[in-house]
$ cat upload.tsv   # TSV, C-alpha atoms and all ligand atoms
chain	number	residue	atom	x	y	z
A	819	MET	CA	-15.81	143.97	195.48
A	820	ASN	CA	-15.13	145.64	198.79
A	821	ILE	CA	-17.80	147.56	200.68
A	822	CYS	CA	-17.53	150.50	203.09
A	823	PRO	CA	-18.29	149.16	206.59
A	824	ARG	CA	-20.04	152.42	207.49
A	825	CYS	CA	-21.90	153.41	204.30
A	826	GLN	CA	-22.36	150.02	202.59
A	827	VAL	CA	-21.25	151.43	199.24
A	828	ARG	CA	-18.49	150.13	196.96
A	829	LEU	CA	-14.99	151.29	197.71
A	830	ALA	CA	-12.96	152.92	194.95
A	831	VAL	CA	-9.33	152.01	194.27
A	832	VAL	CA	-7.05	155.03	194.67
A	833	GLU	CA	-3.38	155.78	195.26
A	834	LEU	CA	-1.90	157.72	198.15
A	835	GLU	CA	1.84	158.49	198.02
A	836	GLY	CA	2.00	155.95	195.19
A	837	VAL	CA	0.52	153.23	197.39
A	838	PRO	CA	-2.69	151.54	196.23
A	839	LEU	CA	-5.59	151.39	198.66
A	840	GLU	CA	-9.35	151.74	198.62
A	841	THR	CA	-11.46	154.65	199.74
A	842	CYS	CA	-15.13	155.44	200.32
A	843	ASP	CA	-16.35	158.44	198.32
A	844	ARG	CA	-19.04	159.09	200.88
A	845	CYS	CA	-17.27	159.01	204.27
A	846	ALA	CA	-13.61	159.28	203.11
A	847	GLY	CA	-12.62	156.18	205.09
A	848	HIS	CA	-9.73	154.03	203.86
A	849	TRP	CA	-9.35	150.29	203.50
A	850	ILE	CA	-5.78	149.00	203.44
A	851	GLU	CA	-5.69	145.33	202.54
A	852	LEU	CA	-2.03	144.80	203.36
A	853	PRO	CA	-0.98	146.39	206.68
A	854	HIS	CA	2.57	147.15	205.50
A	855	ARG	CA	1.08	149.60	202.99
A	856	LEU	CA	-0.01	151.82	205.87
A	857	LYS	CA	3.62	152.05	206.94
A	858	GLN	CA	4.63	152.76	203.33
A	859	ILE	CA	2.27	155.73	203.21
A	860	ILE	CA	3.45	157.04	206.58
A	861	ASP	CA	7.10	156.58	205.58
A	862	ALA	CA	6.49	158.46	202.34
A	863	ARG	CA	5.14	161.40	204.34
A	864	LYS	CA	8.16	161.48	206.64
A	865	GLY	CA	9.64	164.95	207.02
A	866	ARG	CA	6.69	166.65	205.39
A	867	LEU	CA	5.88	168.61	208.53
A	868	SER	CA	8.51	170.80	210.15
A	869	PRO	CA	9.02	170.29	213.90
A	870	GLU	CA	7.21	173.63	214.44
A	871	GLU	CA	4.22	172.59	212.32
A	872	LEU	CA	4.14	169.28	214.09
A	873	ALA	CA	4.26	170.80	217.56
A	874	GLU	CA	1.48	173.17	216.58
A	875	ALA	CA	-0.69	170.37	215.21
A	876	ILE	CA	-0.27	168.44	218.44
A	877	ARG	CA	-1.03	171.49	220.57
A	878	ASP	CA	-4.21	171.94	218.54
A	879	GLY	CA	-5.10	168.33	219.27
A	880	ARG	CA	-5.34	167.46	215.57
A	881	HIS	CA	-4.15	163.92	216.28
A	882	THR	CA	-6.86	163.18	218.83
A	883	MET	CA	-10.07	161.39	218.13
A	884	ALA	CA	-13.52	161.35	219.67
A	885	ILE	CA	-13.93	158.23	221.70
A	886	GLU	CA	-17.53	157.87	220.50
A	887	ALA	CA	-16.13	157.28	217.01
A	888	VAL	CA	-14.84	153.92	218.20
A	889	ARG	CA	-17.35	151.26	217.32
A	890	GLU	CA	-16.99	147.59	217.99
A	891	ASN	CA	-17.13	144.98	215.32
A	892	LEU	CA	-17.48	146.91	212.09
A	893	PRO	CA	-17.85	144.40	209.25
A	894	CYS	CA	-14.67	143.82	207.22
A	895	PRO	CA	-14.99	145.45	203.77
A	896	ALA	CA	-13.49	142.35	202.14
A	897	CYS	CA	-14.62	139.23	204.00
A	898	ARG	CA	-17.47	140.70	206.12
A	899	GLY	CA	-15.99	139.20	209.29
A	900	ALA	CA	-16.10	141.33	212.44
A	901	MET	CA	-13.14	143.70	212.69
A	902	GLU	CA	-11.57	144.51	216.03
A	903	PRO	CA	-10.47	147.95	217.19
A	904	PHE	CA	-6.78	148.21	218.06
A	905	ASN	CA	-4.58	150.98	219.39
A	906	TYR	CA	-2.10	151.90	216.67
A	907	GLY	CA	1.48	151.57	217.89
A	908	GLY	CA	0.29	150.12	221.20
A	909	ASP	CA	-0.53	153.37	223.02
A	910	SER	CA	-0.91	156.10	220.41
A	911	GLY	CA	-4.58	156.59	221.31
A	912	ILE	CA	-5.43	156.26	217.64
A	913	ILE	CA	-7.93	153.45	217.34
A	914	LEU	CA	-8.07	151.68	214.01
A	915	ASP	CA	-10.06	148.61	212.99
A	916	LYS	CA	-8.36	145.42	211.91
A	917	CYS	CA	-9.75	142.26	210.36
A	918	HIS	CA	-8.02	139.29	211.94
A	919	ARG	CA	-9.25	136.97	209.21
A	920	CYS	CA	-7.82	138.74	206.17
A	921	GLY	CA	-5.41	141.14	207.92
A	922	GLY	CA	-6.70	144.39	206.43
A	923	ILE	CA	-6.99	147.70	208.27
A	924	TRP	CA	-9.89	150.16	208.16
A	925	LEU	CA	-9.23	153.85	208.84
A	926	ASP	CA	-12.06	156.31	209.29
A	927	ALA	CA	-11.78	159.73	207.67
A	928	GLY	CA	-8.88	161.67	209.19
A	929	GLU	CA	-7.30	158.71	210.92
A	930	LEU	CA	-4.50	158.46	208.39
A	931	ASP	CA	-3.49	162.04	209.26
A	932	ARG	CA	-3.64	161.20	212.96
A	933	VAL	CA	-1.35	158.20	212.45
A	934	HIS	CA	1.01	160.41	210.45
A	935	LEU	CA	1.11	162.99	213.27
A	936	ALA	CA	1.63	160.35	215.97
A	937	VAL	CA	4.47	158.68	214.07
A	938	ALA	CA	6.13	161.99	213.19
A	939	ALA	CA	5.87	163.15	216.82
A	940	SER	CA	7.35	159.90	218.02
A	941	ASP	CA	10.25	160.19	215.52
A	942	LEU	CA	11.04	163.63	216.87
A	943	GLY	CA	10.85	162.50	220.48
A	944	LEU	CA	7.69	164.49	221.07
A	945	GLU	CA	5.78	161.59	222.62
A	946	GLN	CA	5.61	163.40	225.91
A	947	ASP	CA	3.90	166.35	224.28
A	948	LEU	CA	1.67	163.96	222.41
A	949	LYS	CA	0.50	162.34	225.63
A	950	ARG	CA	0.31	165.61	227.50
A	951	PHE	CA	-2.01	166.98	224.86
A	952	SER	CA	-3.77	163.74	224.17
A	953	GLY	CA	-7.30	164.95	224.13
A	954	PRO	CA	-9.74	167.29	225.83
A	955	LEU	CA	-10.38	164.92	228.74
A	956	HIS	CA	-6.74	165.00	229.71
A	957	GLN	CA	-6.63	168.76	229.35
A	958	VAL	CA	-9.54	169.03	231.76
A	959	GLU	CA	-7.65	166.86	234.22
A	960	VAL	CA	-4.57	169.06	233.93
A	961	ARG	CA	-6.70	172.12	234.57
A	962	GLU	CA	-8.36	170.47	237.57
A	963	ASP	CA	-4.98	169.51	238.97
A	964	ALA	CA	-3.92	173.13	238.73
A	965	LEU	CA	-7.09	174.30	240.46
A	966	GLU	CA	-6.68	171.66	243.12
A	967	GLN	CA	-3.15	172.76	243.87
A	968	HIS	CA	-4.31	176.33	244.03
A	969	ALA	CA	-7.08	175.33	246.45
A	970	LEU	CA	-4.54	173.53	248.60
A	971	ARG	CA	-3.13	176.79	249.78
A	972	THR	CA	-6.37	177.66	251.53
A	973	THR	CA	-8.02	174.31	252.28
A	974	THR	CA	-7.07	170.87	253.53
A	975	THR	CA	-7.76	169.04	250.26
A	976	PRO	CA	-5.31	166.12	250.20
A	977	LEU	CA	-2.66	166.37	247.51
A	978	VAL	CA	-2.69	162.66	246.81
A	979	THR	CA	-5.96	160.81	246.46
A	980	THR	CA	-5.60	157.54	248.37
A	981	HIS	CA	-7.22	154.31	247.24
A	982	HIS	CA	-10.33	153.57	249.20
A	983	VAL	CA	-10.39	150.16	250.82
A	984	VAL	CA	-13.93	149.01	251.44
A	985	ASP	CA	-14.45	146.61	254.34
A	986	HIS	CA	-17.67	144.72	254.75
B	1001	ZN	ZN	-18.16	155.11	203.74
B	1002	ZN	ZN	-11.58	140.47	206.45

$ encode --input "upload.tsv" --output "structure tokens"
Amino acid sequence: MNICPRCQVRLAVVELEGVPLETCDRCAGHWIELPHRLKQIIDARKGRLSPEELAEAIRDGRHTMAIEAVRENLPCPACRGAMEPFNYGGDSGIILDKCHRCGGIWLDAGELDRVHLAVAASDLGLEQDLKRFSGPLHQVEVREDALEQHALRTTTTPLVTTHHVVDH
């Protein structure tokens, strides 16, 4: 009997795209016991979004996640060992939780859609857009860069911030 690491209630067995997995009725998180099943689900959804829909979803930031949602060491639904957060695909910015003891993956509500978007964007060569729009923080930086460059025309603000070397 597997337990939701967030709500401590029993997980229900369901199917997504014909792939069996478990889900929490309360928080809508997913437990995928065998990691290759995550890929099966993503593969099954391939081509479901048109390039236009995909670009729009990415512009809207629908693939991004709040960093405060990342919590260390959630208990594994199956073996209760501590899971470890990992960045899906290496640098997608989508943080999932993995149990290194039994190999399962926990996805919070909405994370499956984020993985789908990230993979679809990558397949279409939209990674640059994905990174460019990867979250509000980055958007703020882009805006600040623009303001800074505007300010440059009237002030002496350096274009490149140099690394400060501190001597004691
Ligand atoms: Zn739950
Ligand atoms: Zn485990």

$ closest_atom_pairs --input "upload.tsv" --of "chain A" --to "ligand ZN 1001 (chain B)" --cutoff "12 Å" --atoms "all atoms listed in the file" --output "Markdown table"
| residue | atom | partner | partner_atom | distance |
| --- | --- | --- | --- | --- |
| A:Asn820 | CA | B:ZN1001 | ZN | 11.1 |
| A:Ile821 | CA | B:ZN1001 | ZN | 8.2 |
| A:Cys822 | CA | B:ZN1001 | ZN | 4.7 |
| A:Pro823 | CA | B:ZN1001 | ZN | 6.6 |
| A:Arg824 | CA | B:ZN1001 | ZN | 5.0 |
| A:Cys825 | CA | B:ZN1001 | ZN | 4.1 |
| A:Gln826 | CA | B:ZN1001 | ZN | 6.7 |
| A:Val827 | CA | B:ZN1001 | ZN | 6.6 |
| A:Arg828 | CA | B:ZN1001 | ZN | 8.4 |
| A:Leu829 | CA | B:ZN1001 | ZN | 7.8 |
| A:Ala830 | CA | B:ZN1001 | ZN | 10.4 |
| A:Glu840 | CA | B:ZN1001 | ZN | 10.7 |
| A:Thr841 | CA | B:ZN1001 | ZN | 7.8 |
| A:Cys842 | CA | B:ZN1001 | ZN | 4.6 |
| A:Asp843 | CA | B:ZN1001 | ZN | 6.6 |
| A:Arg844 | CA | B:ZN1001 | ZN | 5.0 |
| A:Cys845 | CA | B:ZN1001 | ZN | 4.0 |
| A:Ala846 | CA | B:ZN1001 | ZN | 6.2 |
| A:Gly847 | CA | B:ZN1001 | ZN | 5.8 |
| A:His848 | CA | B:ZN1001 | ZN | 8.5 |
| A:Trp849 | CA | B:ZN1001 | ZN | 10.0 |
| A:Leu892 | CA | B:ZN1001 | ZN | 11.7 |
| A:Pro895 | CA | B:ZN1001 | ZN | 10.2 |
| A:Trp924 | CA | B:ZN1001 | ZN | 10.6 |
| A:Leu925 | CA | B:ZN1001 | ZN | 10.4 |
| A:Asp926 | CA | B:ZN1001 | ZN | 8.3 |
| A:Ala927 | CA | B:ZN1001 | ZN | 8.8 |

$ closest_atom_pairs --input "upload.tsv" --of "chain A" --to "ligand ZN 1002 (chain B)" --cutoff "7 Å" --atoms "all atoms listed in the file" --output "JSON lines"
{"residue": "A:Cys894", "atom": "CA", "partner": "B:ZN1002", "partner_atom": "ZN", "distance": 4.6}
{"residue": "A:Pro895", "atom": "CA", "partner": "B:ZN1002", "partner_atom": "ZN", "distance": 6.6}
{"residue": "A:Ala896", "atom": "CA", "partner": "B:ZN1002", "partner_atom": "ZN", "distance": 5.1}
{"residue": "A:Cys897", "atom": "CA", "partner": "B:ZN1002", "partner_atom": "ZN", "distance": 4.1}
{"residue": "A:Arg898", "atom": "CA", "partner": "B:ZN1002", "partner_atom": "ZN", "distance": 5.9}
{"residue": "A:Gly899", "atom": "CA", "partner": "B:ZN1002", "partner_atom": "ZN", "distance": 5.4}
{"residue": "A:Cys917", "atom": "CA", "partner": "B:ZN1002", "partner_atom": "ZN", "distance": 4.7}
{"residue": "A:His918", "atom": "CA", "partner": "B:ZN1002", "partner_atom": "ZN", "distance": 6.6}
{"residue": "A:Arg919", "atom": "CA", "partner": "B:ZN1002", "partner_atom": "ZN", "distance": 5.0}
{"residue": "A:Cys920", "atom": "CA", "partner": "B:ZN1002", "partner_atom": "ZN", "distance": 4.1}
{"residue": "A:Gly921", "atom": "CA", "partner": "B:ZN1002", "partner_atom": "ZN", "distance": 6.4}
{"residue": "A:Gly922", "atom": "CA", "partner": "B:ZN1002", "partner_atom": "ZN", "distance": 6.3}

$ write_last_selection --input "upload.tsv" --atoms "C-alpha atoms" --output "CSV table (one decimal), in the frame of the given file"
chain,number,residue,atom,x,y,z
A,894,CYS,CA,-14.7,143.8,207.2
A,895,PRO,CA,-15.0,145.4,203.8
A,896,ALA,CA,-13.5,142.4,202.1
A,897,CYS,CA,-14.6,139.2,204.0
A,898,ARG,CA,-17.5,140.7,206.1
A,899,GLY,CA,-16.0,139.2,209.3
A,917,CYS,CA,-9.8,142.3,210.4
A,918,HIS,CA,-8.0,139.3,211.9
A,919,ARG,CA,-9.2,137.0,209.2
A,920,CYS,CA,-7.8,138.7,206.2
A,921,GLY,CA,-5.4,141.1,207.9
A,922,GLY,CA,-6.7,144.4,206.4

$ atom_distance --input "upload.tsv" --atom1 "atom CA of Asp915 of chain A" --atom2 "atom CA of Ala875 of chain A"
23.8 Å

$ atom_distance --input "upload.tsv" --atom1 "atom CA of Gly907 of chain A" --atom2 "atom CA of Glu929 of chain A"
13.3 Å

$ closest_residue --input "upload.tsv" --among "A:Glu870, A:Arg863, A:Ile850, A:Val937" --to "Val832 of chain A" --atoms "all atoms listed in the file"
A:Ile850

$ closest_residue --input "upload.tsv" --among "A:Leu930, A:Pro838, A:Leu852, A:Lys864" --to "Lys916 of chain A" --atoms "all atoms listed in the file"
A:Leu852

$ closest_residue --input "upload.tsv" --among "A:Ser940, A:Leu867, A:His881, A:Ile860" --to "Gly836 of chain A" --atoms "all atoms listed in the file"
A:Ile860

$ decode --input "upload.tsv" --residues "segment 927-939 of chain A" --atoms "all heavy atoms" --output "compact mmCIF listing (two decimals), in the first residue's frame"
# COMPACT_ATOMS: atom_id res chain seq x y z
N ALA A 927 1.19 17.70 -8.39
CA ALA A 927 0.13 18.06 -9.33
C ALA A 927 0.68 19.03 -10.38
O ALA A 927 1.36 19.99 -10.03
CB ALA A 927 -1.02 18.71 -8.57
N GLY A 928 0.41 18.76 -11.64
CA GLY A 928 0.82 19.68 -12.71
C GLY A 928 2.20 19.41 -13.26
O GLY A 928 2.55 19.91 -14.33
N GLU A 929 3.00 18.63 -12.55
CA GLU A 929 4.37 18.43 -13.02
C GLU A 929 4.44 17.56 -14.27
O GLU A 929 5.34 17.73 -15.10
CB GLU A 929 5.25 17.86 -11.90
CG GLU A 929 5.60 18.92 -10.88
CD GLU A 929 6.48 18.44 -9.75
OE1 GLU A 929 6.64 17.21 -9.57
OE2 GLU A 929 6.98 19.29 -9.03
N LEU A 930 3.48 16.66 -14.39
CA LEU A 930 3.45 15.81 -15.58
C LEU A 930 3.24 16.69 -16.83
O LEU A 930 3.89 16.49 -17.86
CB LEU A 930 2.30 14.79 -15.44
CG LEU A 930 2.33 13.58 -16.36
CD1 LEU A 930 3.63 12.81 -16.23
CD2 LEU A 930 1.16 12.67 -16.05
N ASP A 931 2.36 17.67 -16.72
CA ASP A 931 2.12 18.59 -17.84
C ASP A 931 3.37 19.41 -18.14
O ASP A 931 3.66 19.71 -19.30
CB ASP A 931 0.95 19.52 -17.53
CG ASP A 931 -0.37 18.77 -17.50
OD1 ASP A 931 -0.45 17.69 -18.12
OD2 ASP A 931 -1.32 19.25 -16.85
N ARG A 932 4.09 19.78 -17.08
CA ARG A 932 5.31 20.58 -17.29
C ARG A 932 6.36 19.75 -18.03
O ARG A 932 7.03 20.25 -18.93
CB ARG A 932 5.87 21.05 -15.95
CG ARG A 932 5.00 22.08 -15.29
CD ARG A 932 5.71 22.73 -14.13
NE ARG A 932 4.79 23.61 -13.44
CZ ARG A 932 4.11 23.28 -12.35
NH1 ARG A 932 4.29 22.09 -11.81
NH2 ARG A 932 3.29 24.12 -11.80
N VAL A 933 6.48 18.47 -17.62
CA VAL A 933 7.44 17.60 -18.30
C VAL A 933 7.05 17.45 -19.77
O VAL A 933 7.87 17.56 -20.66
CB VAL A 933 7.50 16.21 -17.62
CG1 VAL A 933 8.34 15.24 -18.45
CG2 VAL A 933 8.08 16.33 -16.22
N HIS A 934 5.74 17.26 -20.00
CA HIS A 934 5.24 17.13 -21.37
C HIS A 934 5.62 18.35 -22.19
O HIS A 934 6.16 18.24 -23.30
CB HIS A 934 3.71 16.95 -21.31
CG HIS A 934 3.06 16.94 -22.66
ND1 HIS A 934 1.76 17.30 -22.86
CD2 HIS A 934 3.55 16.63 -23.88
CE1 HIS A 934 1.48 17.21 -24.15
NE2 HIS A 934 2.53 16.80 -24.79
N LEU A 935 5.39 19.55 -21.65
CA LEU A 935 5.72 20.79 -22.36
C LEU A 935 7.21 20.89 -22.63
O LEU A 935 7.63 21.25 -23.73
CB LEU A 935 5.28 22.00 -21.53
CG LEU A 935 3.82 22.40 -21.61
CD1 LEU A 935 3.54 23.56 -20.66
CD2 LEU A 935 3.45 22.79 -23.03
N ALA A 936 8.02 20.57 -21.62
CA ALA A 936 9.47 20.70 -21.77
C ALA A 936 9.98 19.75 -22.84
O ALA A 936 10.81 20.13 -23.69
CB ALA A 936 10.17 20.42 -20.44
N VAL A 937 9.47 18.51 -22.84
CA VAL A 937 9.92 17.53 -23.83
C VAL A 937 9.45 17.93 -25.22
O VAL A 937 10.22 17.88 -26.19
CB VAL A 937 9.42 16.11 -23.46
CG1 VAL A 937 9.69 15.13 -24.59
CG2 VAL A 937 10.09 15.64 -22.17
N ALA A 938 8.19 18.36 -25.33
CA ALA A 938 7.66 18.76 -26.63
C ALA A 938 8.43 19.96 -27.18
O ALA A 938 8.75 20.01 -28.36
CB ALA A 938 6.17 19.09 -26.50
N ALA A 939 8.75 20.91 -26.31
CA ALA A 939 9.51 22.09 -26.73
C ALA A 939 10.89 21.69 -27.22
O ALA A 939 11.39 22.19 -28.23
CB ALA A 939 9.62 23.09 -25.58
